[in-house]
2 protein chains.
Amino acid sequence: MTETRWLTDREQRAWRGYVQMQSKLNALLNHQLQVDSQMSLSDFVVLVVLTDTAEEKLRVSELAAALEWEKSRVSHQVTRMERRGLVQRVECPTDGRSAFVNLTPCGRAAIEAAAPQHVETVRRVFIDQLTADELQALESITTKVLERLDAEC
Amino acid sequence: MTETRWLTDREQRAWRGYVQMQSKLNALLNHQLQVDSQMSLSDFVVLVVLTDTAEEKLRVSELAAALEWEKSRVSHQVTRMERRGLVQRVECPTDGRSAFVNLTPCGRAAIEAAAPQHVETVRRVFIDQLTADELQALESITTKVLERLDAEC
DNA sequence: CAGGTTTAGTTGACACGTCACCTAAAGCGT
DNA sequence: ACGCTTTAGGTGACGTGTCAACTAAACCTG
């Protein structure tokens, strides 16, 4: 095993900044949604995916693929959202193993009410703080890192 | 209430990229630490803070301040880490309310073993993917967003 | 079509985070 | 010394995320 290449000061600043930012940003977005719309960030992203489909319903596996979540995570999340009335499980007539997740009217109303405030928050604390160059750099960074991450797994 | 300012395509790409990156990065770092060093990312950062202090012990409140975590989060985390033998609670002789969190020899050994692999992973999937300009942009972004976030709360 | 394999999804155990609430010691003004 | 407030920390409930194990339907393949 070779010598560890510790982070330089510049790298350290960028990395620690990133870690702190992502942790606080996550906490804030969760909190904002909970307070303003009584839903979690997880609820929100699931509702976004469901809303973006023509039928407003997806199989659990399709939902998992779209979110890149483990199927068991989806299953747990759907159970909780069903309890809150946001979605409904429906058996698939053609495949006995499969289950559809349907958006309920209540779920549709919830996402429509939540989305504007959520976007507003994302803008206020993040997007609107960045210059055009920084936005471009961010896209470049995330693209490269995501490529690397996808290659890892 | 005024019209919602939805994200433009460029903003959307950057934001979605960021969200996806942070989610996968988090999962990977947690997983890597768990597999290689049998500890969570939370364990790791707590151990880092403890290791960085002269006495290798801190009050719960000092730990909370250093990590910017809620005190109850620290308390739960310390309970779990105590169970794993990484730290030990010690009553404070001068203030009956207060409690010290001491690094144990086992905790010190664990962090020393974990740190090189963790840094290696951070480099491989993140830092080493970035150009100098991107690193600079990232620092600038996180600084501004953190300022905004700190102003919010 | 019988028997093994793959696929879809669920479940349970456990770790992590947050919130609201609680206990007890310290501090403080009278 | 007396109460009142502040401060330090812990607790329990609940939502969330991961992992491993499970059930059952669907799909082979001989």
# chains A, B, ... in the order shown; residues from 1 in each chain; ligands from 1
>>> residues_around(residues="DA24 in chain D", least_positions_apart="5", cutoff="10 Å", atoms="only C-alpha atoms (C1' of nucleotides)", output="list of chain:residue names")
A:Gly96, A:Arg97, C:DA8, C:DG9
>>> write_last_selection(atoms="all heavy atoms", output="mmCIF file, in the first residue's frame")
data_model
loop_
_atom_site.group_PDB
_atom_site.id
_atom_site.type_symbol
_atom_site.label_atom_id
_atom_site.label_comp_id
_atom_site.auth_asym_id
_atom_site.auth_seq_id
_atom_site.Cartn_x
_atom_site.Cartn_y
_atom_site.Cartn_z
ATOM 1 N N GLY A 96 -49.230 -11.201 -11.862
ATOM 2 C CA GLY A 96 -49.612 -11.340 -10.456
ATOM 3 C C GLY A 96 -48.560 -10.905 -9.459
ATOM 4 O O GLY A 96 -48.859 -10.649 -8.294
ATOM 5 N N ARG A 97 -47.280 -10.820 -9.916
ATOM 6 C CA ARG A 97 -46.233 -10.386 -8.996
ATOM 7 C C ARG A 97 -46.199 -8.876 -8.868
ATOM 8 O O ARG A 97 -45.760 -8.314 -7.868
ATOM 9 C CB ARG A 97 -44.856 -10.824 -9.528
ATOM 10 C CG ARG A 97 -44.644 -12.290 -9.618
ATOM 11 C CD ARG A 97 -43.411 -12.564 -10.440
ATOM 12 N NE ARG A 97 -43.532 -11.992 -11.784
ATOM 13 C CZ ARG A 97 -42.599 -12.071 -12.709
ATOM 14 N NH1 ARG A 97 -41.457 -12.674 -12.457
ATOM 15 N NH2 ARG A 97 -42.789 -11.538 -13.892
ATOM 16 P P DA C 8 -38.620 -7.851 -12.776
ATOM 17 O OP1 DA C 8 -39.247 -7.017 -13.824
ATOM 18 O OP2 DA C 8 -37.368 -7.425 -12.124
ATOM 19 O "O5'" DA C 8 -39.698 -8.136 -11.638
ATOM 20 C "C5'" DA C 8 -41.047 -8.423 -11.983
ATOM 21 C "C4'" DA C 8 -41.939 -8.129 -10.784
ATOM 22 O "O4'" DA C 8 -41.674 -9.128 -9.782
ATOM 23 C "C3'" DA C 8 -41.651 -6.771 -10.142
ATOM 24 O "O3'" DA C 8 -42.883 -6.104 -9.892
ATOM 25 C "C2'" DA C 8 -40.900 -7.105 -8.867
ATOM 26 C "C1'" DA C 8 -41.349 -8.521 -8.543
ATOM 27 N N9 DA C 8 -40.310 -9.350 -7.936
ATOM 28 C C8 DA C 8 -38.990 -9.415 -8.284
ATOM 29 N N7 DA C 8 -38.284 -10.266 -7.572
ATOM 30 C C5 DA C 8 -39.218 -10.802 -6.693
ATOM 31 C C6 DA C 8 -39.112 -11.770 -5.672
ATOM 32 N N6 DA C 8 -37.977 -12.389 -5.362
ATOM 33 N N1 DA C 8 -40.233 -12.077 -4.983
ATOM 34 C C2 DA C 8 -41.372 -11.466 -5.304
ATOM 35 N N3 DA C 8 -41.604 -10.543 -6.248
ATOM 36 C C4 DA C 8 -40.470 -10.256 -6.909
ATOM 37 P P DG C 9 -42.873 -4.624 -9.302
ATOM 38 O OP1 DG C 9 -44.128 -3.955 -9.645
ATOM 39 O OP2 DG C 9 -41.574 -3.986 -9.613
ATOM 40 O "O5'" DG C 9 -42.922 -4.951 -7.741
ATOM 41 C "C5'" DG C 9 -44.049 -5.710 -7.280
ATOM 42 C "C4'" DG C 9 -43.780 -6.193 -5.893
ATOM 43 O "O4'" DG C 9 -42.611 -7.014 -5.866
ATOM 44 C "C3'" DG C 9 -43.494 -5.086 -4.878
ATOM 45 O "O3'" DG C 9 -44.696 -4.862 -4.134
ATOM 46 C "C2'" DG C 9 -42.370 -5.653 -4.012
ATOM 47 C "C1'" DG C 9 -42.199 -7.078 -4.526
ATOM 48 N N9 DG C 9 -40.822 -7.548 -4.485
ATOM 49 C C8 DG C 9 -39.775 -7.152 -5.282
ATOM 50 N N7 DG C 9 -38.658 -7.760 -5.000
ATOM 51 C C5 DG C 9 -38.981 -8.618 -3.963
ATOM 52 C C6 DG C 9 -38.175 -9.530 -3.238
ATOM 53 O O6 DG C 9 -36.970 -9.777 -3.388
ATOM 54 N N1 DG C 9 -38.912 -10.201 -2.261
ATOM 55 C C2 DG C 9 -40.249 -10.019 -2.025
ATOM 56 N N2 DG C 9 -40.777 -10.747 -1.046
ATOM 57 N N3 DG C 9 -41.017 -9.174 -2.684
ATOM 58 C C4 DG C 9 -40.317 -8.502 -3.637
#
>>> residues_around(residues="range 26-39 of chain B", least_positions_apart="3", cutoff="9 Å", atoms="only C-alpha atoms (C1' of nucleotides)", output="number ranges by chain")
A: 149, 152-153; B: 21-23, 42-44, 110-111, 113-114, 117-118, 121-122
>>> residues_around(residues="Arg59 in chain B", least_positions_apart="3", cutoff="9 Å", atoms="only C-alpha atoms (C1' of nucleotides)", output="MDAnalysis selection string")
chainID B and resid 62:64 92 98:102
>>> write_last_selection(atoms="N, CA and C atoms", output="PDB file, in the first residue's frame")
ATOM      1  N   GLU B  62     -19.847  20.779  22.979  1.00  0.00           N
ATOM      2  CA  GLU B  62     -18.750  21.209  22.113  1.00  0.00           C
ATOM      3  C   GLU B  62     -18.750  20.393  20.822  1.00  0.00           C
ATOM      4  N   LEU B  63     -19.027  19.130  20.978  1.00  0.00           N
ATOM      5  CA  LEU B  63     -19.129  18.254  19.816  1.00  0.00           C
ATOM      6  C   LEU B  63     -20.260  18.733  18.901  1.00  0.00           C
ATOM      7  N   ALA B  64     -21.369  19.068  19.513  1.00  0.00           N
ATOM      8  CA  ALA B  64     -22.521  19.549  18.740  1.00  0.00           C
ATOM      9  C   ALA B  64     -22.164  20.826  17.999  1.00  0.00           C
ATOM     10  N   CYS B  92     -18.596  14.925  34.077  1.00  0.00           N
ATOM     11  CA  CYS B  92     -17.717  16.049  34.353  1.00  0.00           C
ATOM     12  C   CYS B  92     -17.726  16.324  35.854  1.00  0.00           C
ATOM     13  N   SER B  98     -22.958  18.212  32.837  1.00  0.00           N
ATOM     14  CA  SER B  98     -22.144  18.045  31.642  1.00  0.00           C
ATOM     15  C   SER B  98     -21.584  16.627  31.507  1.00  0.00           C
ATOM     16  N   ALA B  99     -21.296  16.237  30.304  1.00  0.00           N
ATOM     17  CA  ALA B  99     -20.712  14.916  30.060  1.00  0.00           C
ATOM     18  C   ALA B  99     -19.614  15.037  29.012  1.00  0.00           C
ATOM     19  N   PHE B 100     -18.512  14.388  29.283  1.00  0.00           N
ATOM     20  CA  PHE B 100     -17.438  14.335  28.298  1.00  0.00           C
ATOM     21  C   PHE B 100     -17.616  13.126  27.416  1.00  0.00           C
ATOM     22  N   VAL B 101     -17.200  13.280  26.164  1.00  0.00           N
ATOM     23  CA  VAL B 101     -17.127  12.138  25.270  1.00  0.00           C
ATOM     24  C   VAL B 101     -15.643  11.887  25.019  1.00  0.00           C
ATOM     25  N   ASN B 102     -15.149  10.756  25.472  1.00  0.00           N
ATOM     26  CA  ASN B 102     -13.736  10.404  25.311  1.00  0.00           C
ATOM     27  C   ASN B 102     -13.541   9.452  24.146  1.00  0.00           C
TER      28      ASN B 102
END
>>> select_by_dssp(residues="range 15-153 of chain B", states="helix (DSSP H, G or I)", output="ChimeraX atom specification")
/B:15-37,41-51,60-67,71-83,105-125,127-129,132-152
>>> select_by_dssp(residues="chain A", states="strand (DSSP E or B)", output="MDAnalysis selection string")
chainID A and resid 57:59 87:91 99:103
>>> write_last_selection(atoms="all heavy atoms", output="compact mmCIF listing (two decimals), in the first residue's frame")
# COMPACT_ATOMS: atom_id res chain seq x y z
N LYS A 57 -49.42 6.60 -13.01
CA LYS A 57 -49.19 5.38 -12.25
C LYS A 57 -47.99 4.64 -12.84
O LYS A 57 -47.72 4.73 -14.04
CB LYS A 57 -50.41 4.46 -12.25
CG LYS A 57 -50.68 3.77 -13.57
CD LYS A 57 -51.92 2.90 -13.46
CE LYS A 57 -52.28 2.31 -14.82
NZ LYS A 57 -53.54 1.56 -14.78
N LEU A 58 -47.26 3.96 -11.99
CA LEU A 58 -46.06 3.24 -12.41
C LEU A 58 -45.96 1.96 -11.60
O LEU A 58 -46.45 1.89 -10.48
CB LEU A 58 -44.81 4.08 -12.14
CG LEU A 58 -44.49 5.22 -13.10
CD1 LEU A 58 -43.31 6.02 -12.58
CD2 LEU A 58 -44.20 4.69 -14.50
N ARG A 59 -45.29 0.96 -12.18
CA ARG A 59 -44.95 -0.21 -11.39
C ARG A 59 -43.90 0.18 -10.37
O ARG A 59 -43.13 1.12 -10.58
CB ARG A 59 -44.39 -1.32 -12.29
CG ARG A 59 -45.44 -2.00 -13.13
CD ARG A 59 -44.91 -3.31 -13.68
NE ARG A 59 -45.92 -3.96 -14.52
CZ ARG A 59 -46.23 -3.57 -15.75
NH1 ARG A 59 -45.60 -2.55 -16.28
NH2 ARG A 59 -47.16 -4.21 -16.44
N VAL A 87 -50.66 8.15 -2.45
CA VAL A 87 -50.66 7.18 -3.55
C VAL A 87 -51.47 5.96 -3.12
O VAL A 87 -51.88 5.85 -1.96
CB VAL A 87 -49.23 6.70 -3.91
CG1 VAL A 87 -48.37 7.86 -4.36
CG2 VAL A 87 -48.60 5.96 -2.74
N GLN A 88 -51.68 5.06 -4.08
CA GLN A 88 -52.45 3.86 -3.79
C GLN A 88 -51.85 2.70 -4.57
O GLN A 88 -51.49 2.85 -5.73
CB GLN A 88 -53.90 4.10 -4.24
CG GLN A 88 -54.87 3.12 -3.65
CD GLN A 88 -56.28 3.41 -4.13
OE1 GLN A 88 -56.48 4.27 -4.99
NE2 GLN A 88 -57.25 2.67 -3.61
N ARG A 89 -51.71 1.58 -3.90
CA ARG A 89 -51.22 0.38 -4.60
C ARG A 89 -52.39 -0.29 -5.31
O ARG A 89 -53.48 -0.42 -4.75
CB ARG A 89 -50.65 -0.62 -3.60
CG ARG A 89 -49.19 -0.43 -3.24
CD ARG A 89 -48.70 -1.64 -2.49
NE ARG A 89 -47.28 -1.57 -2.17
CZ ARG A 89 -46.78 -0.99 -1.10
NH1 ARG A 89 -47.58 -0.41 -0.23
NH2 ARG A 89 -45.47 -0.98 -0.88
N VAL A 90 -52.13 -0.74 -6.55
CA VAL A 90 -53.15 -1.46 -7.31
C VAL A 90 -52.49 -2.69 -7.93
O VAL A 90 -51.43 -2.58 -8.55
CB VAL A 90 -53.73 -0.58 -8.44
CG1 VAL A 90 -54.71 -1.36 -9.29
CG2 VAL A 90 -54.39 0.65 -7.85
N GLU A 91 -53.11 -3.83 -7.76
CA GLU A 91 -52.55 -5.05 -8.34
C GLU A 91 -52.59 -4.99 -9.86
O GLU A 91 -53.50 -4.43 -10.45
CB GLU A 91 -53.36 -6.27 -7.87
CG GLU A 91 -53.04 -6.69 -6.45
CD GLU A 91 -53.90 -7.86 -6.02
OE1 GLU A 91 -54.52 -8.51 -6.90
OE2 GLU A 91 -53.99 -8.11 -4.80
N ALA A 99 -47.07 -4.74 -9.02
CA ALA A 99 -48.00 -3.81 -8.36
C ALA A 99 -47.84 -2.43 -8.95
O ALA A 99 -46.72 -1.98 -9.18
CB ALA A 99 -47.72 -3.78 -6.86
N PHE A 100 -48.96 -1.78 -9.22
CA PHE A 100 -48.92 -0.40 -9.68
C PHE A 100 -48.99 0.54 -8.49
O PHE A 100 -49.63 0.23 -7.47
CB PHE A 100 -50.11 -0.10 -10.61
CG PHE A 100 -49.94 -0.66 -11.99
CD1 PHE A 100 -50.74 -1.71 -12.43
CD2 PHE A 100 -48.98 -0.13 -12.84
CE1 PHE A 100 -50.57 -2.23 -13.71
CE2 PHE A 100 -48.82 -0.65 -14.13
CZ PHE A 100 -49.62 -1.70 -14.56
N VAL A 101 -48.34 1.66 -8.64
CA VAL A 101 -48.50 2.73 -7.67
C VAL A 101 -49.23 3.85 -8.38
O VAL A 101 -48.73 4.41 -9.36
CB VAL A 101 -47.13 3.22 -7.17
CG1 VAL A 101 -47.30 4.34 -6.16
CG2 VAL A 101 -46.33 2.07 -6.58
N ASN A 102 -50.43 4.15 -7.92
CA ASN A 102 -51.26 5.19 -8.53
C ASN A 102 -51.19 6.48 -7.73
O ASN A 102 -51.27 6.45 -6.50
CB ASN A 102 -52.73 4.75 -8.55
CG ASN A 102 -53.05 3.81 -9.66
OD1 ASN A 102 -52.22 2.95 -9.98
ND2 ASN A 102 -54.22 3.94 -10.25
N LEU A 103 -51.09 7.58 -8.44
CA LEU A 103 -51.23 8.88 -7.80
C LEU A 103 -52.70 9.06 -7.43
O LEU A 103 -53.58 8.80 -8.25
CB LEU A 103 -50.80 9.97 -8.80
CG LEU A 103 -50.64 11.40 -8.30
CD1 LEU A 103 -49.57 11.50 -7.24
CD2 LEU A 103 -50.32 12.33 -9.47
>>> interface_residues(of="chain D", to="chain A", cutoff="12 Å", atoms="only C-alpha atoms (C1' of nucleotides)", output="PyMOL selection string")
chain D and resi 14-20+23-26
>>> closest_atom_pairs(of="chain B", to="chain A", cutoff="9 Å", atoms="only C-alpha atoms", output="tab-separated table")
residue	atom	partner	partner_atom	distance
B:Glu3	CA	A:Pro116	CA	8.8
B:Thr4	CA	A:Pro116	CA	5.8
B:Arg5	CA	A:Glu120	CA	7.2
B:Trp6	CA	A:Val119	CA	6.6
B:Leu7	CA	A:Val119	CA	7.5
B:Arg10	CA	A:Leu135	CA	7.9
B:Glu11	CA	A:Ile127	CA	7.1
B:Arg13	CA	A:Glu139	CA	6.8
B:Ala14	CA	A:Glu139	CA	4.6
B:Trp15	CA	A:Ile127	CA	7.7
B:Gly17	CA	A:Thr142	CA	5.4
B:Tyr18	CA	A:Thr142	CA	5.9
B:Gln20	CA	A:Leu146	CA	7.8
B:Met21	CA	A:Leu146	CA	5.8
B:Gln22	CA	A:Gln22	CA	7.0
B:Lys24	CA	A:Leu149	CA	7.2
B:Leu25	CA	A:Leu149	CA	7.3
B:Leu28	CA	A:Leu149	CA	8.1
B:Pro116	CA	A:Thr4	CA	5.8
B:Gln117	CA	A:Thr4	CA	8.3
B:Val119	CA	A:Trp6	CA	6.6
B:Glu120	CA	A:Arg5	CA	7.3
B:Val122	CA	A:Trp15	CA	8.7
B:Arg123	CA	A:Leu7	CA	8.1
B:Arg124	CA	A:Arg148	CA	8.3
B:Val125	CA	A:Arg148	CA	5.8
B:Phe126	CA	A:Val145	CA	5.8
B:Ile127	CA	A:Glu11	CA	7.1
B:Gln129	CA	A:Val145	CA	6.5
B:Leu130	CA	A:Ile141	CA	6.6
B:Thr131	CA	A:Ile141	CA	8.9
B:Asp133	CA	A:Ala137	CA	8.4
B:Glu134	CA	A:Ala137	CA	6.0
B:Leu135	CA	A:Ala14	CA	6.4
B:Gln136	CA	A:Ala14	CA	7.5
B:Ala137	CA	A:Glu134	CA	6.0
B:Leu138	CA	A:Ala14	CA	6.1
B:Glu139	CA	A:Ala14	CA	4.6
B:Ser140	CA	A:Glu134	CA	8.2
B:Ile141	CA	A:Leu130	CA	6.6
B:Thr142	CA	A:Gly17	CA	5.4
B:Thr143	CA	A:Gly17	CA	6.8
B:Lys144	CA	A:Gln129	CA	6.6
B:Val145	CA	A:Phe126	CA	5.8
B:Leu146	CA	A:Met21	CA	5.8
B:Arg148	CA	A:Val125	CA	5.8
B:Leu149	CA	A:Val125	CA	6.3
B:Asp150	CA	A:Lys24	CA	8.8
B:Glu152	CA	A:Val125	CA	8.4
B:Cys153	CA	A:Leu28	CA	8.9
>>> interface_residues(of="chain C", to="chain A", cutoff="10 Å", atoms="only C-alpha atoms (C1' of nucleotides)", output="PyMOL selection string")
chain C and resi 7-11+17-18
>>> write_last_selection(atoms="N, CA, C and O atoms (P, O5', C5', C4', C3', O3' and C1' of nucleotides)", output="tab-separated table (two decimals), in the first residue's frame")
chain	number	residue	atom	x	y	z
C	7	DT	P	-33.74	-12.10	-14.22
C	7	DT	O5'	-35.17	-11.72	-13.62
C	7	DT	C5'	-36.33	-12.03	-14.35
C	7	DT	C4'	-37.55	-11.51	-13.61
C	7	DT	C3'	-37.33	-10.12	-13.00
C	7	DT	O3'	-38.44	-9.31	-13.38
C	7	DT	C1'	-38.12	-11.63	-11.34
C	8	DA	P	-38.62	-7.85	-12.78
C	8	DA	O5'	-39.70	-8.14	-11.64
C	8	DA	C5'	-41.05	-8.42	-11.98
C	8	DA	C4'	-41.94	-8.13	-10.78
C	8	DA	C3'	-41.65	-6.77	-10.14
C	8	DA	O3'	-42.88	-6.10	-9.89
C	8	DA	C1'	-41.35	-8.52	-8.54
C	9	DG	P	-42.87	-4.62	-9.30
C	9	DG	O5'	-42.92	-4.95	-7.74
C	9	DG	C5'	-44.05	-5.71	-7.28
C	9	DG	C4'	-43.78	-6.19	-5.89
C	9	DG	C3'	-43.49	-5.09	-4.88
C	9	DG	O3'	-44.70	-4.86	-4.13
C	9	DG	C1'	-42.20	-7.08	-4.53
C	10	DT	P	-44.69	-4.01	-2.79
C	10	DT	O5'	-44.27	-5.08	-1.67
C	10	DT	C5'	-45.05	-6.26	-1.54
C	10	DT	C4'	-44.64	-7.01	-0.29
C	10	DT	C3'	-44.64	-6.18	0.99
C	10	DT	O3'	-45.36	-6.92	1.96
C	10	DT	C1'	-42.55	-7.26	0.72
C	11	DT	P	-45.70	-6.25	3.38
C	11	DT	O5'	-44.53	-6.82	4.31
C	11	DT	C5'	-44.21	-8.19	4.25
C	11	DT	C4'	-43.03	-8.49	5.17
C	11	DT	C3'	-42.98	-7.64	6.45
C	11	DT	O3'	-42.94	-8.52	7.55
C	11	DT	C1'	-40.87	-7.65	5.35
C	17	DG	P	-27.09	10.80	10.62
C	17	DG	O5'	-28.36	11.62	10.12
C	17	DG	C5'	-29.58	11.23	10.52
C	17	DG	C4'	-30.62	12.30	10.33
C	17	DG	C3'	-30.41	13.56	11.18
C	17	DG	O3'	-31.09	14.66	10.55
C	17	DG	C1'	-32.17	12.21	12.07
C	18	DT	P	-31.20	16.10	11.29
C	18	DT	O5'	-32.67	15.98	11.91
C	18	DT	C5'	-33.75	15.78	11.02
C	18	DT	C4'	-35.06	15.95	11.76
C	18	DT	C3'	-35.10	17.17	12.69
C	18	DT	O3'	-36.32	17.85	12.44
C	18	DT	C1'	-35.67	15.20	13.89
